[in-house]
>>> print(open('protein-v7.cif').read())   # mmCIF, C-alpha atoms
data_input
#
loop_
_atom_site.label_atom_id
_atom_site.label_comp_id
_atom_site.auth_asym_id
_atom_site.auth_seq_id
_atom_site.Cartn_x
_atom_site.Cartn_y
_atom_site.Cartn_z
CA MET A 29 -68.60 205.43 57.11
CA ASP A 30 -65.35 204.94 55.20
CA ARG A 31 -66.72 201.79 53.68
CA GLU A 32 -69.83 203.64 52.49
CA ARG A 33 -67.69 206.36 50.95
CA GLU A 34 -65.59 203.71 49.26
CA GLN A 35 -68.69 202.04 47.84
CA ASP A 36 -70.05 205.38 46.63
CA ARG A 37 -66.79 206.13 44.92
CA ALA A 38 -66.64 202.69 43.30
CA ALA A 39 -70.19 203.07 42.00
CA ARG A 40 -69.50 206.59 40.73
CA TRP A 41 -66.32 205.55 38.90
CA ARG A 42 -68.05 202.54 37.38
CA ASP A 43 -70.99 204.66 36.17
CA TRP A 44 -68.66 207.23 34.66
CA MET A 45 -66.58 204.57 32.90
CA VAL A 46 -69.69 202.89 31.50
CA ALA A 47 -70.89 206.31 30.27
CA ALA A 48 -67.43 206.89 28.76
CA GLN A 49 -67.65 203.57 26.93
CA HIS A 50 -70.84 204.93 25.37
CA GLY A 51 -68.99 208.09 24.31
CA ASP A 52 -69.94 210.52 27.13
CA SER A 53 -66.86 212.77 27.19
CA GLU A 54 -68.05 214.84 30.19
CA ALA A 55 -68.35 211.76 32.37
CA TYR A 56 -64.98 210.60 31.09
CA GLN A 57 -63.29 213.89 31.96
CA ARG A 58 -64.82 213.81 35.45
CA LEU A 59 -63.58 210.24 35.85
CA LEU A 60 -60.02 211.02 34.75
CA VAL A 61 -59.86 214.12 36.96
CA GLU A 62 -61.04 212.10 39.94
CA LEU A 63 -58.73 209.20 39.11
CA LEU A 64 -55.70 211.47 38.84
CA PRO A 65 -54.77 211.64 42.57
CA PHE A 66 -55.43 207.89 42.87
CA VAL A 67 -53.14 207.13 39.93
CA ARG A 68 -50.51 209.58 41.15
CA GLY A 69 -50.58 207.89 44.55
CA LEU A 70 -50.13 204.46 42.98
CA VAL A 71 -47.22 205.60 40.81
CA ARG A 72 -45.54 207.53 43.64
CA GLY A 73 -45.98 204.49 45.86
CA ARG A 74 -43.83 202.51 43.42
CA LEU A 75 -41.41 205.14 42.10
CA GLY A 76 -41.03 207.32 45.20
CA ALA A 77 -39.50 210.73 44.45
CA ASP A 78 -38.47 209.76 40.91
CA PRO A 79 -38.73 212.83 38.65
CA ALA A 80 -40.41 210.64 36.02
CA VAL A 81 -43.55 210.18 38.16
CA GLU A 82 -45.63 212.62 36.13
CA ASP A 83 -44.50 211.00 32.84
CA VAL A 84 -45.65 207.62 34.11
CA VAL A 85 -48.94 209.11 35.37
CA GLN A 86 -49.56 210.37 31.84
CA GLU A 87 -48.73 206.95 30.41
CA VAL A 88 -51.25 205.40 32.79
CA LEU A 89 -53.92 207.84 31.62
CA ILE A 90 -53.17 207.01 27.98
CA SER A 91 -53.30 203.27 28.77
CA ILE A 92 -56.63 203.73 30.54
CA HIS A 93 -57.84 205.48 27.41
CA THR A 94 -56.67 202.79 24.99
CA ALA A 95 -57.79 199.88 27.19
CA ARG A 96 -61.13 201.33 28.31
CA HIS A 97 -63.02 198.66 26.35
CA THR A 98 -61.51 195.96 28.60
CA PHE A 99 -63.42 197.22 31.64
CA ARG A 100 -66.56 195.18 32.37
CA PRO A 101 -69.43 197.06 34.03
CA GLU A 102 -70.02 194.29 36.59
CA ARG A 103 -66.54 194.79 38.03
CA THR A 104 -64.99 197.58 40.11
CA LEU A 105 -62.67 200.06 38.47
CA ALA A 106 -59.96 200.45 41.12
CA PRO A 107 -58.27 197.02 40.61
CA TRP A 108 -58.40 197.56 36.85
CA VAL A 109 -56.66 200.93 37.17
CA ARG A 110 -54.20 199.50 39.69
CA THR A 111 -53.10 196.82 37.21
CA ILE A 112 -52.70 199.37 34.42
CA ALA A 113 -50.62 201.60 36.71
CA ARG A 114 -48.44 198.68 37.80
CA ASN A 115 -47.83 197.66 34.19
CA ALA A 116 -46.92 201.24 33.25
CA VAL A 117 -44.39 201.39 36.10
CA ILE A 118 -42.86 198.06 34.98
CA ASP A 119 -42.66 199.34 31.39
CA HIS A 120 -40.99 202.51 32.64
CA ALA A 121 -38.42 200.51 34.60
CA ARG A 122 -37.63 198.36 31.55
CA ARG A 123 -37.22 201.40 29.32
CA ARG A 124 -35.01 203.06 31.87
CA GLY A 125 -32.83 199.94 32.05
CA ARG A 126 -32.37 200.00 28.28
CA GLN A 127 -31.61 203.74 28.29
CA LEU A 128 -29.02 203.33 31.03
CA ALA A 129 -27.29 200.69 28.92
CA ARG A 130 -27.21 203.07 25.94
CA TYR A 131 -25.99 206.02 28.01
CA SER A 132 -23.15 203.89 29.33
CA GLU A 133 -22.26 203.00 25.75
CA VAL A 134 -22.03 206.68 24.79
CA GLU A 135 -19.81 207.38 27.75
CA ALA A 136 -17.61 204.43 26.90
CA GLU A 137 -17.12 205.69 23.34
CA ALA A 138 -16.56 209.24 24.53
CA LEU A 139 -14.16 208.32 27.27
CA GLU A 140 -12.25 205.57 25.52
CA GLY A 141 -8.49 205.81 25.83
CA PRO A 142 -6.02 204.75 28.48
CA ALA A 143 -6.00 208.04 30.39
CA LEU A 144 -9.74 208.17 30.91
CA GLU A 145 -11.73 206.42 33.59
CA LEU A 146 -14.39 203.77 32.98
CA PRO A 147 -17.97 204.88 32.26
CA GLN A 148 -20.46 205.39 35.05
CA PRO A 149 -24.06 204.22 34.63
CA GLY A 150 -26.48 207.00 33.64
CA LEU A 151 -25.85 210.08 31.55
CA SER A 152 -23.84 212.38 33.79
CA PRO A 153 -24.16 216.18 33.69
CA ARG A 154 -20.62 216.30 32.21
CA ILE A 155 -21.71 214.23 29.22
CA SER A 156 -24.91 216.23 28.84
CA ARG A 157 -22.95 219.49 28.81
CA ALA A 158 -20.43 218.09 26.35
CA LEU A 159 -23.22 216.87 24.08
CA GLU A 160 -24.76 220.35 24.10
CA GLU A 161 -21.48 221.83 22.94
CA LEU A 162 -21.34 219.65 19.82
CA PRO A 163 -22.39 221.11 16.46
CA HIS A 164 -26.02 220.23 15.70
CA GLY A 165 -25.30 217.57 13.05
CA GLN A 166 -22.79 215.70 15.22
CA ARG A 167 -25.02 215.83 18.29
CA GLN A 168 -27.97 214.57 16.26
CA ALA A 169 -25.93 211.63 14.93
CA VAL A 170 -24.66 210.62 18.40
CA VAL A 171 -28.12 210.89 19.97
CA LEU A 172 -29.87 208.93 17.23
CA LEU A 173 -27.28 206.16 17.07
CA LYS A 174 -26.40 205.77 20.70
CA LEU A 175 -29.21 207.13 22.84
CA GLU A 176 -32.18 206.27 20.64
CA GLY A 177 -30.51 203.08 19.41
CA LEU A 178 -31.32 203.52 15.71
CA SER A 179 -29.29 201.73 13.06
CA VAL A 180 -27.07 203.82 10.80
CA ALA A 181 -29.55 203.38 7.94
CA GLU A 182 -32.53 204.40 10.11
CA ALA A 183 -30.72 207.41 11.56
CA ALA A 184 -29.54 208.51 8.10
CA ALA A 185 -33.09 208.25 6.76
CA ARG A 186 -34.38 210.26 9.72
CA VAL A 187 -31.82 213.05 9.19
CA GLY A 188 -32.03 212.91 5.41
CA VAL A 189 -28.35 212.22 4.64
CA THR A 190 -26.43 209.22 3.31
CA PRO A 191 -25.36 206.51 5.79
CA GLY A 192 -21.73 207.37 5.07
CA ALA A 193 -22.28 211.02 5.92
CA LEU A 194 -24.06 210.09 9.12
CA LYS A 195 -21.25 207.77 10.20
CA LEU A 196 -18.77 210.56 9.55
CA ARG A 197 -20.77 212.99 11.69
CA ALA A 198 -21.02 210.41 14.47
CA HIS A 199 -17.28 209.71 14.30
CA ARG A 200 -16.50 213.45 14.52
CA GLY A 201 -19.01 213.72 17.34
CA TYR A 202 -17.31 210.96 19.37
CA ARG A 203 -13.90 212.57 18.80
CA ALA A 204 -15.19 216.00 19.81
CA LEU A 205 -16.83 214.49 22.90
CA ARG A 206 -13.52 212.89 23.87
CA ASP A 207 -11.72 216.20 23.44
CA LEU A 208 -14.33 218.11 25.39
CA LEU A 209 -14.34 215.58 28.23
CA GLY A 210 -10.57 215.33 28.25
CA ARG A 211 -10.05 219.03 28.85
CA GLU A 212 -12.93 219.45 31.28
CA PRO A 213 -12.11 219.04 35.00
CA ARG A 214 -13.87 216.04 36.53
CA MET B 4 -43.55 216.83 32.54
CA SER B 5 -45.71 219.07 34.64
CA GLU B 6 -49.04 218.50 36.35
CA GLN B 7 -50.44 221.19 34.05
CA GLN B 8 -49.54 219.04 31.04
CA THR B 9 -51.33 216.12 32.67
CA LYS B 10 -54.48 218.22 32.96
CA GLU B 11 -54.15 219.18 29.30
CA LEU B 12 -53.76 215.50 28.43
CA ILE B 13 -57.01 214.73 30.27
CA ARG B 14 -58.78 217.41 28.24
CA GLU B 15 -57.35 216.02 25.00
CA LEU B 16 -58.29 212.43 25.84
CA SER B 17 -61.82 213.50 26.77
CA ALA B 18 -62.17 215.52 23.58
CA GLU B 19 -61.16 212.62 21.35
CA LEU B 20 -63.32 210.05 23.17
CA ALA B 21 -65.18 207.64 20.91
CA PRO B 22 -67.70 205.00 21.99
CA VAL B 23 -66.25 201.50 22.44
CA ARG B 24 -67.78 198.08 22.82
CA PRO B 25 -66.68 196.34 26.04
CA ILE B 26 -64.99 192.96 25.65
CA PRO B 27 -67.25 189.97 26.35
CA PRO B 28 -67.33 188.55 29.90
CA MET B 29 -64.55 186.09 30.67
CA ARG B 30 -66.91 183.15 31.08
CA VAL B 31 -68.33 183.74 27.59
CA VAL B 32 -64.83 183.67 26.12
CA LEU B 33 -63.98 180.55 28.12
CA VAL B 34 -67.13 178.72 27.02
CA SER B 35 -66.51 179.74 23.40
CA VAL B 36 -62.95 178.42 23.45
CA ILE B 37 -64.05 175.16 25.09
CA GLY B 38 -66.79 174.94 22.45
CA LEU B 39 -64.15 175.29 19.71
CA TRP B 40 -62.11 172.54 21.34
CA LEU B 41 -65.13 170.24 21.59
CA LEU B 42 -65.94 170.87 17.94
CA VAL B 43 -62.40 170.01 16.84
CA ALA B 44 -62.34 167.01 19.21
CA VAL B 45 -65.59 165.56 17.84
CA VAL B 46 -64.58 166.11 14.20
CA GLY B 47 -61.05 164.85 14.88
CA LEU B 48 -62.20 161.67 16.61
CA ALA B 49 -64.79 161.07 13.87
CA ILE B 50 -61.97 161.20 11.30
CA LEU B 51 -59.21 159.45 13.27
CA GLY B 52 -61.39 156.99 15.14
CA ARG B 53 -61.80 156.49 18.85
CA ASN B 54 -59.87 153.95 20.87
CA PRO B 55 -62.58 151.29 21.49
CA GLY B 56 -60.99 150.34 24.80
CA LEU B 57 -60.95 153.91 26.18
CA LEU B 58 -63.90 153.56 28.51
CA ASP B 59 -62.59 150.26 29.78
CA GLU B 60 -59.14 151.78 30.40
CA LEU B 61 -60.57 154.77 32.22
CA LEU B 62 -62.74 152.60 34.43
CA ASN B 63 -60.30 149.79 35.12
CA TRP B 64 -57.01 151.65 35.11
CA ARG B 65 -57.59 154.38 37.65
CA GLY B 66 -54.13 155.75 36.96
CA ILE B 67 -55.00 156.42 33.33
CA GLY B 68 -58.22 158.07 34.46
CA ALA B 69 -56.18 160.29 36.79
CA VAL B 70 -53.81 161.26 33.96
CA PHE B 71 -56.82 162.08 31.76
CA PHE B 72 -58.43 164.10 34.56
CA GLY B 73 -55.17 165.95 35.30
CA LEU B 74 -54.83 166.96 31.65
CA GLY B 75 -58.41 168.22 31.68
CA VAL B 76 -57.83 170.30 34.82
CA ALA B 77 -54.58 171.67 33.40
CA GLY B 78 -56.26 172.50 30.11
CA VAL B 79 -59.34 174.29 31.44
CA SER B 80 -57.44 176.11 34.22
CA GLY B 81 -54.74 177.11 31.77
CA LEU B 82 -57.42 178.54 29.48
CA VAL B 83 -58.74 180.63 32.36
CA ALA B 84 -55.22 181.94 33.04
CA ALA B 85 -54.52 182.63 29.36
CA ILE B 86 -57.75 184.59 28.95
CA GLY B 87 -57.29 186.46 32.25
CA LEU B 88 -53.77 187.53 31.26
CA SER B 89 -55.30 189.87 28.66
CA ILE B 90 -57.71 191.60 31.03
CA PRO B 91 -56.41 194.20 33.51
CA GLY B 92 -57.50 193.58 37.08
CA ARG B 93 -57.93 189.80 36.75
CA GLU B 94 -54.66 188.80 38.40
CA ASN B 95 -56.40 186.72 41.05
CA VAL B 96 -58.11 184.63 38.40
CA VAL B 97 -54.81 184.25 36.53
CA ARG B 98 -53.00 183.14 39.68
CA ALA B 99 -55.73 180.65 40.58
CA GLY B 100 -55.82 179.34 36.99
CA LEU B 101 -52.06 178.86 36.86
CA ALA B 102 -52.01 177.15 40.25
CA ALA B 103 -54.78 174.75 39.24
CA ALA B 104 -53.12 174.10 35.88
CA LEU B 105 -49.82 173.25 37.57
CA ALA B 106 -51.65 171.00 40.03
CA GLY B 107 -53.32 169.21 37.11
CA MET B 108 -49.99 168.74 35.36
CA ALA B 109 -48.37 167.54 38.58
CA LEU B 110 -51.16 164.98 39.01
CA SER B 111 -50.79 163.73 35.43
CA ALA B 112 -47.00 163.62 35.55
CA GLY B 113 -46.93 162.04 39.02
CA VAL B 114 -49.43 159.32 38.20
CA GLY B 115 -47.90 158.78 34.75
CA THR B 116 -44.45 158.27 36.30
CA ALA B 117 -45.86 155.92 38.94
CA LEU B 118 -47.58 153.86 36.23
CA LEU B 119 -44.36 153.66 34.22
CA MET B 120 -42.40 152.52 37.26
CA ARG B 121 -44.99 149.86 38.02
CA SER B 122 -45.09 148.47 34.47
CA PRO B 123 -41.99 149.67 32.59
CA VAL B 124 -42.45 147.21 29.73
CA ALA B 125 -45.73 147.25 27.84
CA ALA B 126 -47.33 144.12 26.44
CA VAL B 127 -47.53 145.92 23.08
CA PRO B 128 -44.88 148.67 23.11
CA ALA B 129 -45.80 151.83 21.22
CA PRO B 130 -43.37 152.67 18.38
CA TRP B 131 -41.66 156.07 18.55
CA THR B 132 -43.59 157.18 15.48
CA SER B 133 -46.76 156.91 17.57
CA ASP B 134 -45.21 159.45 19.98
CA LEU B 135 -44.96 161.91 17.11
CA THR B 136 -48.48 161.06 15.93
CA CYS B 137 -50.03 161.71 19.35
CA LEU B 138 -48.01 164.90 19.87
CA GLY B 139 -49.06 166.02 16.39
CA ILE B 140 -52.73 165.31 17.15
CA ALA B 141 -52.50 167.23 20.44
CA CYS B 142 -50.94 170.26 18.71
CA ALA B 143 -53.33 170.12 15.76
CA VAL B 144 -56.38 169.98 18.03
CA ALA B 145 -54.91 172.86 20.06
CA LEU B 146 -54.54 175.19 17.12
CA LEU B 147 -58.11 176.42 16.64
CA PRO B 148 -58.93 177.05 20.34
CA ALA B 149 -55.52 178.70 20.77
CA LEU B 150 -56.28 181.00 17.86
CA GLY B 151 -59.59 181.78 19.58
CA ILE B 152 -57.67 182.98 22.64
CA VAL B 153 -55.27 184.95 20.45
CA TRP B 154 -58.20 186.59 18.66
CA PHE B 155 -59.64 187.64 22.02
CA ALA B 156 -56.27 188.78 23.40
CA GLY B 157 -55.67 190.91 20.33
CA ARG B 158 -58.86 192.78 21.11
CA ALA B 159 -58.18 193.05 24.84
CA ALA B 160 -55.03 194.35 26.55
CA PRO B 161 -52.31 191.69 26.94
CA PHE B 162 -49.43 193.13 28.96
CA ARG B 163 -47.03 190.26 28.27
CA PRO B 164 -48.02 188.82 24.90
CA LEU B 165 -45.52 185.93 25.02
CA THR B 166 -46.87 184.80 28.40
CA VAL B 167 -50.38 184.84 26.95
CA THR B 168 -49.39 182.71 23.97
CA LEU B 169 -47.34 180.31 26.12
CA ALA B 170 -50.30 179.80 28.45
CA ALA B 171 -52.73 179.47 25.54
CA ALA B 172 -50.50 176.98 23.72
CA ALA B 173 -49.85 174.82 26.80
CA ALA B 174 -53.50 174.83 27.93
CA THR B 175 -54.99 174.02 24.55
CA THR B 176 -52.37 171.31 23.93
CA ALA B 177 -53.32 169.73 27.27
CA LEU B 178 -56.88 169.56 25.96
CA GLY B 179 -55.51 168.29 22.65
CA ALA B 180 -53.64 165.55 24.52
CA MET B 181 -56.99 164.35 25.91
CA VAL B 182 -58.19 163.91 22.33
CA ALA B 183 -54.94 162.11 21.46
CA GLN B 184 -55.51 159.80 24.42
CA ALA B 185 -59.09 159.15 23.36
CA HIS B 186 -57.76 158.07 19.96
CA CYS B 187 -54.53 156.33 20.98
CA PRO B 188 -54.71 152.49 20.98
CA PHE B 189 -51.48 151.93 22.95
CA LEU B 190 -51.47 150.95 26.59
CA ASP B 191 -47.80 151.77 26.99
CA MET B 192 -46.90 153.91 30.01
CA ARG B 193 -43.73 155.29 28.40
CA HIS B 194 -45.82 156.51 25.48
CA LEU B 195 -48.50 157.84 27.83
CA LEU B 196 -45.91 159.94 29.66
CA VAL B 197 -43.92 161.15 26.65
CA ALA B 198 -46.66 161.73 24.11
CA HIS B 199 -49.66 162.63 26.27
CA VAL B 200 -48.52 164.03 29.62
CA PHE B 201 -45.60 166.02 28.20
CA ALA B 202 -47.66 167.26 25.24
CA PRO B 203 -48.49 170.66 26.85
CA GLY B 204 -44.78 171.42 27.15
CA VAL B 205 -44.19 170.45 23.52
CA GLY B 206 -47.24 172.48 22.47
CA ALA B 207 -45.95 175.53 24.34
CA LEU B 208 -42.57 175.20 22.57
CA VAL B 209 -44.00 174.61 19.12
CA LEU B 210 -47.06 176.86 19.09
CA SER B 211 -46.26 179.86 21.27
CA VAL B 212 -44.12 181.75 18.74
CA PRO B 213 -46.50 181.31 15.76
CA LEU B 214 -49.32 182.33 18.10
CA LEU B 215 -47.32 185.37 19.19
CA ILE B 216 -46.91 186.41 15.54
CA ALA B 217 -50.66 185.92 15.04
CA LEU B 218 -51.36 187.96 18.18
CA ARG B 219 -49.24 190.85 16.91
CA ARG B 220 -51.13 190.78 13.60
CA VAL B 221 -54.53 190.64 15.28
CA GLY B 222 -53.48 193.44 17.63
CA ARG B 223 -52.49 195.65 14.73
CA GLY B 224 -55.61 194.88 12.72
#
>>> encode(input="protein-v7.cif", output="structure tokens")
Amino acid sequence: MDREREQDRAARWRDWMVAAQHGDSEAYQRLLVELLPFVRGLVRGRLGADPAVEDVVQEVLISIHTARHTFRPERTLAPWVRTIARNAVIDHARRRGRQLARYSEVEAEALEGPALELPQPGLSPRISRALEELPHGQRQAVVLLKLEGLSVAEAAARVGVTPGALKLRAHRGYRALRDLLGREPR
Amino acid sequence: MSEQQTKELIRELSAELAPVRPIPPMRVVLVSVIGLWLLVAVVGLAILGRNPGLLDELLNWRGIGAVFFGLGVAGVSGLVAAIGLSIPGRENVVRAGLAAALAGMALSAGVGTALLMRSPVAAVPAPWTSDLTCLGIACAVALLPALGIVWFAGRAAPFRPLTVTLAAAAATTALGAMVAQAHCPFLDMRHLLVAHVFAPGVGALVLSVPLLIALRRVGRG
């Protein structure tokens, strides 16, 4: 019985995807709605209770959309979706690794000095709060340079100021962060 | 992000849906790439000339036949893996292709080493320039079929582009090494090992980065 249901589902998904490849948006919406719990299950199975699960689910849906031409009608859809979900989870893990490295860098700059302890991995609530207290321009400079990893020139172009002005804002931002973190109880 | 936003995303994706043409079946891509290789091989051998003693060597020196066969298995299986790497859901084919390619290389390298140990000094030793010539032929023959794979990958969905180009470069250079062997007049086991059996490794080193650049351009276009 289960096997029959499985076969029905596989045939239904395949038909909908083939219709979607021909531009049938109704079939496509039905397919994505029906795929959603399947995708969510796959992502949760790999990420557990990670709060980013829904972000990754959305990335999987976007990847399904952009790669829909790589599905061949003679094949079943589930393994195709499974691979896309797995790749999205791997991408997420890589991005997170890079972000953690950048967050640690911000903490190191903010906490530098002999009296302060070494940075912890991840952006702690203390740092987040301190960042929120910075004036807008300084916060923007720190976030663009250290969290988003832009070069000074790129960040300056994004903000619309000269590189020198951006460096000055970032420098003031780091100093203000140090002051804020120094006076805040840990 | 909330589940509500996910539902909105589904509505947006459905609303912007445009018809697409599915990629060709894998076997069609494989046959096309092998066809490109055959074309280059025939033209190349017509220009460079074929080793007149090839058939004799393959029939009488079973070891050389095994090296030739191993390169062929590595080449075709590597092509399967390289093509499969760009198609979601074809991991089993990729794994099988890689396993068969490694087995082919192991056969070639094992037999090549055994032949070298049995006759370390050739009657007519191949000069080192002939090593470069054969490696150059293998890489040159590899280029067009490798670009065929890159063209396909750019239109499919390669998750790890560098792995695709490494596999494509190594596989097509293995096939290129067969052409080099069909042309090469030297019956020198050192040369056989260095310039024919190791050619896929050299091809992967030399060609994978240019192919990666080409893949990025094709992907953007």
>>> closest_atom_pairs(input="protein-v7.cif", of="chain B", to="chain A", cutoff="9 Å", atoms="only C-alpha atoms", output="Markdown table")
| residue | atom | partner | partner_atom | distance |
| --- | --- | --- | --- | --- |
| B:Met4 | CA | A:Glu82 | CA | 5.9 |
| B:Ser5 | CA | A:Glu82 | CA | 6.6 |
| B:Glu6 | CA | A:Glu82 | CA | 6.8 |
| B:Gln8 | CA | A:Gln86 | CA | 8.7 |
| B:Thr9 | CA | A:Gln86 | CA | 6.1 |
| B:Lys10 | CA | A:Val61 | CA | 7.9 |
| B:Leu12 | CA | A:Gln86 | CA | 7.5 |
| B:Ile13 | CA | A:Leu60 | CA | 6.5 |
| B:Arg14 | CA | A:Gln57 | CA | 6.8 |
| B:Leu16 | CA | A:His93 | CA | 7.1 |
| B:Ser17 | CA | A:Ser53 | CA | 5.1 |
| B:Ala18 | CA | A:Ser53 | CA | 6.5 |
| B:Glu19 | CA | A:Ser53 | CA | 8.2 |
| B:Leu20 | CA | A:Ser53 | CA | 6.0 |
| B:Ala21 | CA | A:Gly51 | CA | 5.1 |
| B:Pro22 | CA | A:Gly51 | CA | 4.1 |
| B:Val23 | CA | A:Gln49 | CA | 5.1 |
| B:Arg24 | CA | A:His97 | CA | 6.0 |
| B:Pro25 | CA | A:His97 | CA | 4.3 |
| B:Ile26 | CA | A:Thr98 | CA | 5.5 |
| B:Pro27 | CA | A:Arg100 | CA | 8.0 |
| B:Pro28 | CA | A:Arg100 | CA | 7.1 |
| B:Ser89 | CA | A:Thr98 | CA | 8.7 |
| B:Ile90 | CA | A:Thr98 | CA | 6.3 |
| B:Pro91 | CA | A:Trp108 | CA | 5.1 |
| B:Gly92 | CA | A:Trp108 | CA | 4.1 |
| B:Arg93 | CA | A:Trp108 | CA | 7.8 |
| B:Glu94 | CA | A:Thr111 | CA | 8.3 |
| B:Arg158 | CA | A:Thr98 | CA | 8.6 |
| B:Ala159 | CA | A:Thr98 | CA | 5.8 |
| B:Ala160 | CA | A:Ala95 | CA | 6.2 |
| B:Phe162 | CA | A:Asn115 | CA | 7.1 |
>>> resolve_selection(input="protein-v7.cif", expression="the PyMOL selection byres ((chain B and resi 176) around 6)", output="NGL selection string")
:B and (141-142 or 145 or 172-175 or 177-180 or 203 or 206)
>>> atom_distance(input="protein-v7.cif", atom1="atom CA of B:Ile86", atom2="atom CA of A:Ile118")
21.0 Å
>>> atom_distance(input="protein-v7.cif", atom1="atom CA of A:Val117", atom2="atom CA of B:Pro161")
15.5 Å
>>> resolve_selection(input="protein-v7.cif", expression="the PyMOL selection byres ((chain B and resi 167) around 9)", output="PDB file with C-alpha atoms, keeping the file's coordinate frame")
ATOM      1  CA  ALA B  84     -55.220 181.940  33.040  1.00  0.00           C
ATOM      2  CA  ALA B  85     -54.520 182.630  29.360  1.00  0.00           C
ATOM      3  CA  ILE B  86     -57.750 184.590  28.950  1.00  0.00           C
ATOM      4  CA  GLY B  87     -57.290 186.460  32.250  1.00  0.00           C
ATOM      5  CA  LEU B  88     -53.770 187.530  31.260  1.00  0.00           C
ATOM      6  CA  SER B  89     -55.300 189.870  28.660  1.00  0.00           C
ATOM      7  CA  ILE B 152     -57.670 182.980  22.640  1.00  0.00           C
ATOM      8  CA  VAL B 153     -55.270 184.950  20.450  1.00  0.00           C
ATOM      9  CA  ALA B 156     -56.270 188.780  23.400  1.00  0.00           C
ATOM     10  CA  PRO B 161     -52.310 191.690  26.940  1.00  0.00           C
ATOM     11  CA  PHE B 162     -49.430 193.130  28.960  1.00  0.00           C
ATOM     12  CA  ARG B 163     -47.030 190.260  28.270  1.00  0.00           C
ATOM     13  CA  PRO B 164     -48.020 188.820  24.900  1.00  0.00           C
ATOM     14  CA  LEU B 165     -45.520 185.930  25.020  1.00  0.00           C
ATOM     15  CA  THR B 166     -46.870 184.800  28.400  1.00  0.00           C
ATOM     16  CA  THR B 168     -49.390 182.710  23.970  1.00  0.00           C
ATOM     17  CA  LEU B 169     -47.340 180.310  26.120  1.00  0.00           C
ATOM     18  CA  ALA B 170     -50.300 179.800  28.450  1.00  0.00           C
ATOM     19  CA  ALA B 171     -52.730 179.470  25.540  1.00  0.00           C
ATOM     20  CA  ALA B 172     -50.500 176.980  23.720  1.00  0.00           C
ATOM     21  CA  SER B 211     -46.260 179.860  21.270  1.00  0.00           C
ATOM     22  CA  LEU B 215     -47.320 185.370  19.190  1.00  0.00           C
TER      23      LEU B 215
END
>>> residues_around(input="protein-v7.cif", residues="stretch 163-172 of chain A", least_positions_apart="3", cutoff="6 Å", atoms="all atoms listed in the file", output="MDAnalysis selection string")
chainID A and resid 175:176 178 183 197:198 201
>>> atom_distance(input="protein-v7.cif", atom1="atom CA of B:Pro128", atom2="atom CA of B:Asp191")
5.8 Å
>>> resolve_selection(input="protein-v7.cif", expression="the PyMOL selection byres ((chain B and resi 188) around 8)", output="short mmCIF file (atom, residue, chain, number, x, y, z; two decimals) with C-alpha atoms, keeping the file's coordinate frame")
data_model
loop_
_atom_site.label_atom_id
_atom_site.label_comp_id
_atom_site.auth_asym_id
_atom_site.auth_seq_id
_atom_site.Cartn_x
_atom_site.Cartn_y
_atom_site.Cartn_z
CA ASN B 54 -59.87 153.95 20.87
CA PRO B 55 -62.58 151.29 21.49
CA GLY B 56 -60.99 150.34 24.80
CA HIS B 186 -57.76 158.07 19.96
CA CYS B 187 -54.53 156.33 20.98
CA PHE B 189 -51.48 151.93 22.95
CA LEU B 190 -51.47 150.95 26.59
#
>>> build_atoms(input="protein-v7.cif", residues="stretch 24-33 of chain B", atoms="N, CA and C atoms", output="compact mmCIF listing (two decimals), keeping the file's coordinate frame")
# COMPACT_ATOMS: atom_id res chain seq x y z
N ARG B 24 -66.98 199.22 22.37
CA ARG B 24 -67.78 198.08 22.82
C ARG B 24 -66.96 197.29 23.82
N PRO B 25 -67.47 197.09 25.05
CA PRO B 25 -66.68 196.34 26.04
C PRO B 25 -66.42 194.91 25.57
N ILE B 26 -65.30 194.36 25.99
CA ILE B 26 -64.99 192.96 25.65
C ILE B 26 -66.05 192.06 26.29
N PRO B 27 -66.27 190.88 25.74
CA PRO B 27 -67.25 189.97 26.35
C PRO B 27 -66.79 189.50 27.73
N PRO B 28 -67.73 189.07 28.59
CA PRO B 28 -67.33 188.55 29.90
C PRO B 28 -66.39 187.35 29.74
N MET B 29 -65.55 187.16 30.74
CA MET B 29 -64.55 186.09 30.67
C MET B 29 -65.17 184.71 30.47
N ARG B 30 -66.30 184.49 31.17
CA ARG B 30 -66.91 183.15 31.08
C ARG B 30 -67.42 182.88 29.67
N VAL B 31 -67.86 183.92 28.97
CA VAL B 31 -68.33 183.74 27.59
C VAL B 31 -67.16 183.34 26.70
N VAL B 32 -66.02 184.00 26.92
CA VAL B 32 -64.83 183.67 26.12
C VAL B 32 -64.40 182.23 26.42
N LEU B 33 -64.40 181.89 27.72
CA LEU B 33 -63.98 180.55 28.12
C LEU B 33 -64.87 179.48 27.48
